[in-house]
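Undergrad: Below is entry.txt; it holds compact mmCIF, C-alpha atoms.
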# COMPACT_ATOMS: atom_id res chain seq x y z
CA MET A 1 26.92 20.90 3.97
CA VAL A 2 23.53 19.20 4.15
CA THR A 3 21.02 20.66 1.72
CA SER A 4 17.35 21.09 2.56
CA ASP A 5 16.50 18.37 0.04
CA GLN A 6 18.94 15.94 1.66
CA ARG A 7 17.53 16.82 5.09
CA ARG A 8 14.00 16.18 3.84
CA ARG A 9 14.98 12.72 2.58
CA GLN A 10 16.72 11.96 5.87
CA LEU A 11 13.63 12.92 7.87
CA ALA A 12 11.44 10.78 5.59
CA ARG A 13 13.77 7.80 6.04
CA GLU A 14 13.72 8.24 9.81
CA LYS A 15 9.92 8.44 9.80
CA TYR A 16 9.68 5.25 7.76
CA ALA A 17 12.09 3.47 10.14
CA ARG A 18 9.94 4.47 13.12
CA GLN A 19 6.80 3.22 11.40
CA GLN A 20 8.44 -0.12 10.59
CA GLN A 21 9.60 -0.47 14.20
CA ARG A 22 6.09 0.21 15.51
CA ARG A 23 4.61 -2.35 13.12
CA GLU A 24 7.15 -4.98 14.16
CA GLU A 25 6.43 -4.31 17.84
CA SER A 26 2.72 -4.62 17.10
CA ARG A 27 3.21 -7.99 15.40
CA ARG A 28 5.30 -9.28 18.31
CA LYS A 29 2.71 -8.15 20.86
CA ALA A 30 -0.10 -9.75 18.90
CA LYS A 31 1.84 -13.02 18.64
CA ARG A 32 2.52 -13.08 22.38
CA ARG A 33 -1.11 -12.25 23.15
CA ASN A 34 -2.35 -15.05 20.90
CA THR A 35 0.04 -17.49 22.55
CA VAL A 36 -1.24 -16.58 26.02
CA ILE A 37 -4.86 -16.83 24.90
CA ALA A 38 -4.29 -20.21 23.27
CA ALA A 39 -2.61 -21.52 26.41
CA SER A 40 -5.45 -20.28 28.60
CA LEU A 41 -8.07 -21.88 26.39
CA ALA A 42 -6.18 -25.17 26.44
CA VAL A 43 -6.12 -25.19 30.25
CA VAL A 44 -9.83 -24.46 30.56
CA LEU A 45 -10.81 -26.99 27.92
CA ALA A 46 -8.68 -29.62 29.60
CA ALA A 47 -10.64 -29.02 32.78
CA GLY A 48 -13.87 -29.66 30.89
CA GLY A 49 -15.10 -26.08 31.06
CA ALA A 50 -16.95 -24.16 28.38
CA VAL A 51 -15.11 -21.12 27.10
CA TYR A 52 -16.57 -17.99 25.57
CA ALA A 53 -13.85 -15.52 24.60
CA SER A 54 -14.11 -12.10 23.05
CA VAL A 55 -10.67 -10.80 22.14
CA GLU A 56 -9.84 -7.53 20.44
CA LEU A 57 -6.46 -7.71 18.75
CA THR A 58 -5.19 -4.18 18.21
CA GLY A 59 -2.23 -2.83 16.31
CA ASP A 60 0.15 -0.13 17.46
CA SER A 61 -1.32 1.41 20.59
CA SER A 62 -0.36 4.86 19.30
CA LYS A 63 -2.79 4.46 16.40
CA GLY A 64 -6.50 5.03 16.83
CA SER A 65 -8.90 3.32 14.48
CA ASN A 66 -10.00 6.74 13.24
CA ASP A 67 -6.53 8.26 13.06
CA ALA A 68 -5.90 7.54 9.41
CA ALA A 69 -2.99 9.93 9.10
CA SER A 70 -0.93 7.93 11.60
CA ASP A 71 -1.26 4.71 9.63
CA THR A 72 -0.66 5.32 5.96
CA PRO A 73 0.52 3.58 2.77
CA THR A 74 4.19 4.49 2.98
CA THR A 75 7.34 3.69 1.06
CA PRO A 76 10.95 4.44 2.04
CA ALA A 77 12.47 7.74 1.02
CA PRO A 78 14.31 7.54 -2.31
CA THR A 79 18.08 7.60 -2.23
CA ALA A 80 20.02 10.41 -3.85
CA SER A 81 20.64 8.24 -6.92
CA GLU A 82 16.96 7.35 -7.19
CA SER A 83 15.92 10.98 -6.96
CA ALA A 84 18.38 11.86 -9.70
CA SER A 85 17.11 9.15 -12.05
CA PRO A 86 14.62 10.49 -14.61
CA GLU A 87 11.17 9.01 -14.90
CA PRO A 88 10.33 7.29 -18.21
CA LYS A 89 9.56 9.56 -21.13
CA LEU A 90 5.82 10.03 -21.62
CA ALA A 91 4.80 7.55 -24.31
CA VAL A 92 1.14 6.77 -23.51
CA ASP A 93 -1.82 8.23 -25.35
CA GLN A 94 -2.88 10.92 -22.90
CA LYS A 95 -6.45 10.88 -24.19
CA ALA A 96 -6.96 7.14 -23.77
CA ALA A 97 -7.97 4.73 -21.04
CA TYR A 98 -5.71 1.82 -20.15
CA ALA A 99 -6.25 -1.47 -18.36
CA MET A 100 -3.70 -3.01 -16.02
CA ALA A 101 -4.32 -6.73 -15.65
CA LEU A 102 -2.75 -8.37 -12.62
CA LYS A 103 -2.76 -12.14 -12.79
CA THR A 104 -2.34 -13.29 -9.19
CA ASN A 105 -2.46 -16.62 -7.38
CA GLU A 106 -5.68 -15.39 -5.74
CA GLY A 107 -7.45 -14.37 -8.94
CA GLU A 108 -7.36 -11.84 -11.75
CA ILE A 109 -7.47 -8.15 -10.83
CA THR A 110 -8.15 -5.66 -13.61
CA ILE A 111 -7.54 -1.97 -12.97
CA THR A 112 -8.91 0.73 -15.30
CA MET A 113 -6.71 3.83 -15.59
CA GLU A 114 -7.33 7.15 -17.36
CA ALA A 115 -4.20 8.69 -18.84
CA ALA A 116 -5.93 12.06 -19.20
CA LYS A 117 -6.10 12.36 -15.40
CA THR A 118 -2.86 10.63 -14.39
CA PRO A 119 -0.54 10.54 -17.44
CA HIS A 120 2.72 10.18 -15.51
CA THR A 121 1.36 7.40 -13.32
CA VAL A 122 -0.18 5.44 -16.18
CA ASN A 123 2.96 5.90 -18.26
CA SER A 124 5.14 4.60 -15.42
CA PHE A 125 3.00 1.50 -14.88
CA LYS A 126 3.01 0.70 -18.60
CA HIS A 127 6.78 1.19 -18.71
CA LEU A 128 7.33 -1.12 -15.73
CA ALA A 129 4.81 -3.74 -16.80
CA ASP A 130 6.36 -3.91 -20.27
CA LYS A 131 9.68 -4.65 -18.57
CA LYS A 132 8.00 -7.41 -16.48
CA TYR A 133 8.95 -5.47 -13.37
CA PHE A 134 5.93 -6.66 -11.35
CA ASP A 135 6.01 -10.30 -12.47
CA GLY A 136 6.65 -12.63 -9.54
CA THR A 137 6.33 -9.90 -6.89
CA LYS A 138 4.39 -10.19 -3.63
CA CYS A 139 1.79 -7.87 -2.15
CA HIS A 140 3.69 -7.24 1.06
CA ARG A 141 1.26 -5.37 3.29
CA LEU A 142 -2.36 -5.74 4.41
CA THR A 143 -4.07 -3.42 6.88
CA THR A 144 -7.32 -4.34 8.64
CA GLN A 145 -7.78 -1.49 11.11
CA GLY A 146 -7.97 2.26 10.55
CA ILE A 147 -7.23 1.91 6.85
CA TYR A 148 -8.23 -1.00 4.63
CA VAL A 149 -5.69 -1.61 1.88
CA LEU A 150 -3.55 -4.25 0.25
CA GLN A 151 -0.19 -2.76 -0.78
CA CYS A 152 1.79 -4.18 -3.70
CA GLY A 153 4.39 -3.21 -6.28
CA ASP A 154 7.63 -3.78 -4.38
CA PRO A 155 10.11 -6.06 -6.19
CA LYS A 156 11.79 -6.81 -2.85
CA GLY A 157 8.53 -7.88 -1.23
CA ASP A 158 9.24 -6.08 2.05
CA GLY A 159 8.16 -2.50 1.43
CA THR A 160 11.63 -1.10 0.75
CA GLY A 161 11.90 -1.45 -3.02
CA GLY A 162 11.36 0.96 -5.87
CA PRO A 163 12.05 1.48 -9.58
CA GLY A 164 14.99 3.88 -9.23
CA TYR A 165 12.97 7.00 -10.06
CA THR A 166 10.01 8.95 -8.71
CA ILE A 167 6.92 10.37 -10.39
CA PRO A 168 4.87 13.48 -9.57
CA ASP A 169 1.59 13.44 -7.67
CA GLU A 170 -1.51 13.68 -9.85
CA ASN A 171 -5.30 13.90 -9.57
CA LEU A 172 -5.16 14.75 -5.84
CA THR A 173 -8.46 16.69 -5.90
CA ALA A 174 -10.42 13.86 -7.53
CA LEU A 175 -11.89 12.59 -4.25
CA GLY A 176 -13.10 15.97 -3.04
CA LYS A 177 -12.06 18.52 -0.46
CA ALA A 178 -10.56 17.31 2.80
CA GLY A 179 -12.82 17.42 5.83
CA ALA A 180 -12.09 18.91 9.24
CA ASP A 181 -9.96 15.86 10.06
CA GLY A 182 -7.76 16.49 7.02
CA THR A 183 -8.91 13.38 5.15
CA VAL A 184 -11.05 12.34 2.21
CA THR A 185 -12.72 9.01 1.58
CA PHE A 186 -10.95 6.61 -0.77
CA PRO A 187 -13.89 4.40 -1.84
CA ALA A 188 -13.56 0.64 -2.00
CA GLY A 189 -12.13 -0.30 -5.38
CA THR A 190 -9.82 2.71 -5.59
CA VAL A 191 -6.17 2.12 -6.54
CA ALA A 192 -3.65 4.77 -5.47
CA MET A 193 0.08 5.39 -5.21
CA ALA A 194 1.98 4.88 -1.98
CA ASN A 195 4.64 7.46 -1.12
CA THR A 196 7.08 8.53 1.58
CA GLY A 197 4.72 11.13 3.02
CA GLN A 198 6.46 13.83 0.98
CA PRO A 199 5.22 15.31 -2.33
CA GLY A 200 6.40 13.75 -5.57
CA THR A 201 7.79 10.54 -4.08
CA GLY A 202 5.69 7.90 -5.83
CA GLY A 203 7.62 4.96 -7.25
CA SER A 204 6.25 1.52 -8.06
CA GLN A 205 4.31 0.70 -4.87
CA PHE A 206 0.56 1.09 -4.94
CA PHE A 207 -2.39 0.12 -2.76
CA LEU A 208 -5.76 -1.46 -3.45
CA VAL A 209 -8.58 -0.15 -1.26
CA TYR A 210 -10.97 -2.99 -0.37
CA LYS A 211 -13.20 -1.02 2.04
CA ASP A 212 -13.95 2.72 2.22
CA THR A 213 -10.91 4.33 3.83
CA LYS A 214 -10.17 7.83 5.10
CA LEU A 215 -6.73 9.17 4.19
CA PRO A 216 -5.18 12.57 3.55
CA PRO A 217 -5.59 13.61 -0.12
CA THR A 218 -1.87 13.19 -0.74
CA TYR A 219 -1.97 9.85 -2.58
CA THR A 220 -2.49 9.80 -6.34
CA PRO A 221 -5.75 7.92 -7.09
CA PHE A 222 -5.14 6.49 -10.53
CA GLY A 223 -7.38 3.47 -11.06
CA LYS A 224 -10.51 1.48 -10.30
CA ILE A 225 -10.65 -2.26 -9.61
CA ASP A 226 -13.20 -4.40 -11.45
CA ALA A 227 -15.84 -6.27 -9.43
CA ALA A 228 -14.13 -9.66 -9.63
CA GLY A 229 -10.79 -8.17 -8.64
CA LEU A 230 -12.29 -6.32 -5.67
CA LYS A 231 -13.85 -9.53 -4.42
CA ALA A 232 -10.48 -11.29 -4.69
CA VAL A 233 -8.83 -8.57 -2.58
CA GLN A 234 -11.66 -8.66 -0.05
CA ASP A 235 -11.24 -12.43 0.28
CA VAL A 236 -7.55 -11.91 1.04
CA ALA A 237 -8.50 -9.30 3.65
CA LYS A 238 -10.98 -11.66 5.30
CA ALA A 239 -8.16 -14.14 5.94
CA GLY A 240 -6.35 -11.43 7.91
CA VAL A 241 -2.74 -10.57 8.63
CA GLU A 242 0.01 -12.98 9.61
CA GLY A 243 0.21 -13.54 13.37
CA GLY A 244 -3.19 -11.99 14.01
CA ALA A 245 -1.86 -8.43 13.69
CA THR A 246 -3.74 -5.62 11.96
CA ASP A 247 -0.87 -4.43 9.76
CA GLY A 248 1.64 -6.69 8.04
CA PRO A 249 2.01 -9.41 5.43
CA PRO A 250 -1.34 -10.95 4.46
CA LYS A 251 -1.97 -14.40 5.92
CA LYS A 252 -3.18 -15.47 2.49
CA ALA A 253 -0.04 -14.64 0.50
CA VAL A 254 -0.64 -12.79 -2.77
CA THR A 255 1.81 -13.00 -5.66
CA ILE A 256 1.47 -11.02 -8.88
CA GLU A 257 2.37 -13.70 -11.40
CA LYS A 258 2.08 -11.41 -14.43
CA ALA A 259 1.18 -7.76 -15.01
CA THR A 260 0.24 -6.22 -18.35
CA VAL A 261 -0.92 -2.73 -19.31
CA THR A 262 -2.88 -2.29 -22.54
CA LYS A 263 -4.77 0.53 -24.20
CA LYS A 264 -8.55 0.08 -24.10
Spit out the file's structure as structure tokens when you get a sec.

TA:
Amino acid sequence: MVTSDQRRRQLAREKYARQQQRREESRRKAKRRNTVIAASLAVVLAAGGAVYASVELTGDSSKGSNDAASDTPTTPAPTASESASPEPKLAVDQKAAYAMALKTNEGEITITMEAAKTPHTVNSFKHLADKKYFDGTKCHRLTTQGIYVLQCGDPKGDGTGGPGYTIPDENLTALGKAGADGTVTFPAGTVAMANTGQPGTGGSQFFLVYKDTKLPPTYTPFGKIDAAGLKAVQDVAKAGVEGGATDGPPKKAVTIEKATVTKK
């Protein structure tokens, strides 16, 4: 007999699979479109003509640029074994601030976190960083339309990995009350947890907001990026997504070489 919890996980997995399929279709369409455009330009230039092209490369046609809820920082649903695994025992000072330093090939990114507001999240990141969980991992997803984030924290580098446990949502009211469209603004510099779209499904994946972004208030905002780190992420975003798409691996690959979490 399938329990309601098992059914919920199945629906979340199916939703994630559909999102991945749409993104892959979007990348293929963008690649074909770019190929056609490049061929057309080559023909015109060969004929000695002057070319002025204005091309809008869009992502999934089902996603509007203002429909933030349809394009969100997702992770796959946890397996039964992952859901059963306990999160690390709370060991951080819940009255202190912590700094997570990410040494990347594109520059240093320092994230300030307050354990008083997000104790479970901060504790999990310290636990994982101490185990060198993030070292050598890639930031696997960049979005440049609708939402503006760089998503990291997956040891597999493809958006399907996690630590083997989940943590509860925290601090969800920090960014204010949702508007009529069901969203709040995640300001540039915000760092928040990705999830499956269901409550309490955060793992190790997180996203760095490099431009004000509207999202439902269902993602734990747990940190702020320093000025130098925000500029580094914005530089990655300027380079765009592989294949000219609006959602996918960043063209300028980002690897977290080392992550450390220390008490401030």

Undergrad: For a quick check of understanding, using all atoms listed in the file, which of A:Ala194, A:Pro187, A:Pro199, A:Ala245 has the smallest distance to Leu230 in chain A?

TA: A:Pro187

Undergrad: For a test of reading the model, state the distance in Å between CA of Val184 in chain A and CA of Thr220 in chain A, rounded to one decimal.

TA: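 Rounded to one decimal, the two atoms are 12.4 Å apart.
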
Undergrad: Taking only C-alpha atoms into account, which of A:Ser85, A:Gly159, A:Thr173, A:Thr190 comes nearest Asp226 in chain A?

TA: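 So, comparing all the options, the nearest one is A:Thr190.
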
Undergrad: Using all atoms listed in the file, determine which residues lie at most 7 Å from Val254 in chain A, disregarding the query and same-chain residues fewer than 2 positions distant; provide the list as a list in words.

TA: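 That gives Thr104, Asn105, Glu106, Lys138, Cys139, Lys252 and Ile256 of chain A.
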
Undergrad: Hey, can you check how far CA of Ala178 in chain A sits from CA of Ala227 in chain A?

TA: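 Between CA of Ala178 in chain A and CA of Ala227 in chain A the gap works out to 27.1 Å.
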
Undergrad: Can you tell me, as a PDB file with C-alpha atoms, keeping the file's coordinate frame, what residues are no more than 10 Å from Lys156 in chain A when counting only C-alpha atoms, ignoring any on the same chain fewer than 3 positions away?

TA:
ATOM      1  CA  THR A 137       6.330  -9.900  -6.890  1.00  0.00           C
ATOM      2  CA  LYS A 138       4.390 -10.190  -3.630  1.00  0.00           C
ATOM      3  CA  HIS A 140       3.690  -7.240   1.060  1.00  0.00           C
ATOM      4  CA  GLY A 153       4.390  -3.210  -6.280  1.00  0.00           C
ATOM      5  CA  GLY A 159       8.160  -2.500   1.430  1.00  0.00           C
ATOM      6  CA  THR A 160      11.630  -1.100   0.750  1.00  0.00           C
ATOM      7  CA  GLY A 161      11.900  -1.450  -3.020  1.00  0.00           C
ATOM      8  CA  GLY A 162      11.360   0.960  -5.870  1.00  0.00           C
TER       9      GLY A 162
END

Undergrad: Quick one, how far is CA of Gly202 in chain A from CA of Ala239 in chain A?

TA: 28.6 Å

Undergrad: Any idea what's packed within 10 Å of Thr121 in chain A, counting all atoms listed in the file, ignoring anything in its chain fewer than 4 positions away? Could you give it as a PDB file with C-alpha atoms, keeping the file's coordinate frame?

TA:
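Heads up, here's the output in around01.pdb:
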ATOM      1  CA  LEU A  90       5.820  10.030 -21.620  1.00  0.00           C
ATOM      2  CA  MET A 113      -6.710   3.830 -15.590  1.00  0.00           C
ATOM      3  CA  GLU A 114      -7.330   7.150 -17.360  1.00  0.00           C
ATOM      4  CA  ALA A 115      -4.200   8.690 -18.840  1.00  0.00           C
ATOM      5  CA  LYS A 117      -6.100  12.360 -15.400  1.00  0.00           C
ATOM      6  CA  PHE A 125       3.000   1.500 -14.880  1.00  0.00           C
ATOM      7  CA  LYS A 126       3.010   0.700 -18.600  1.00  0.00           C
ATOM      8  CA  HIS A 127       6.780   1.190 -18.710  1.00  0.00           C
ATOM      9  CA  THR A 166      10.010   8.950  -8.710  1.00  0.00           C
ATOM     10  CA  ILE A 167       6.920  10.370 -10.390  1.00  0.00           C
ATOM     11  CA  PRO A 168       4.870  13.480  -9.570  1.00  0.00           C
ATOM     12  CA  ASP A 169       1.590  13.440  -7.670  1.00  0.00           C
ATOM     13  CA  GLU A 170      -1.510  13.680  -9.850  1.00  0.00           C
ATOM     14  CA  ALA A 192      -3.650   4.770  -5.470  1.00  0.00           C
ATOM     15  CA  MET A 193       0.080   5.390  -5.210  1.00  0.00           C
ATOM     16  CA  GLY A 202       5.690   7.900  -5.830  1.00  0.00           C
ATOM     17  CA  GLY A 203       7.620   4.960  -7.250  1.00  0.00           C
ATOM     18  CA  SER A 204       6.250   1.520  -8.060  1.00  0.00           C
ATOM     19  CA  THR A 220      -2.490   9.800  -6.340  1.00  0.00           C
ATOM     20  CA  PRO A 221      -5.750   7.920  -7.090  1.00  0.00           C
ATOM     21  CA  PHE A 222      -5.140   6.490 -10.530  1.00  0.00           C
ATOM     22  CA  GLY A 223      -7.380   3.470 -11.060  1.00  0.00           C
TER      23      GLY A 223
END

Undergrad: Box for range 152-164 of chain A - axis-aligned, 5 Å on each of the six sides, all listed atoms - centre and size in Å to one decimal, as AutoDock Vina command-line options.

TA:
--center_x 8.4 --center_y -2.0 --center_z -3.8 --size_x 23.2 --size_y 21.8 --size_z 21.6

Undergrad: Taking (-14.9, 2.6, -4.4) as a centre in this file's frame and 10 Å as the limit, can you find every polymer residue with an atom that close, using only C-alpha atoms, and give them as a PyMOL selection string?

TA: chain A and resi 185-191+209-213+224-225+230

Undergrad: Using only C-alpha atoms, pick whichever of A:Ile147, A:Ala96, A:Leu175, A:Ala91 has the shortest atom-to-atom distance to Pro217 in chain A.

TA: A:Leu175
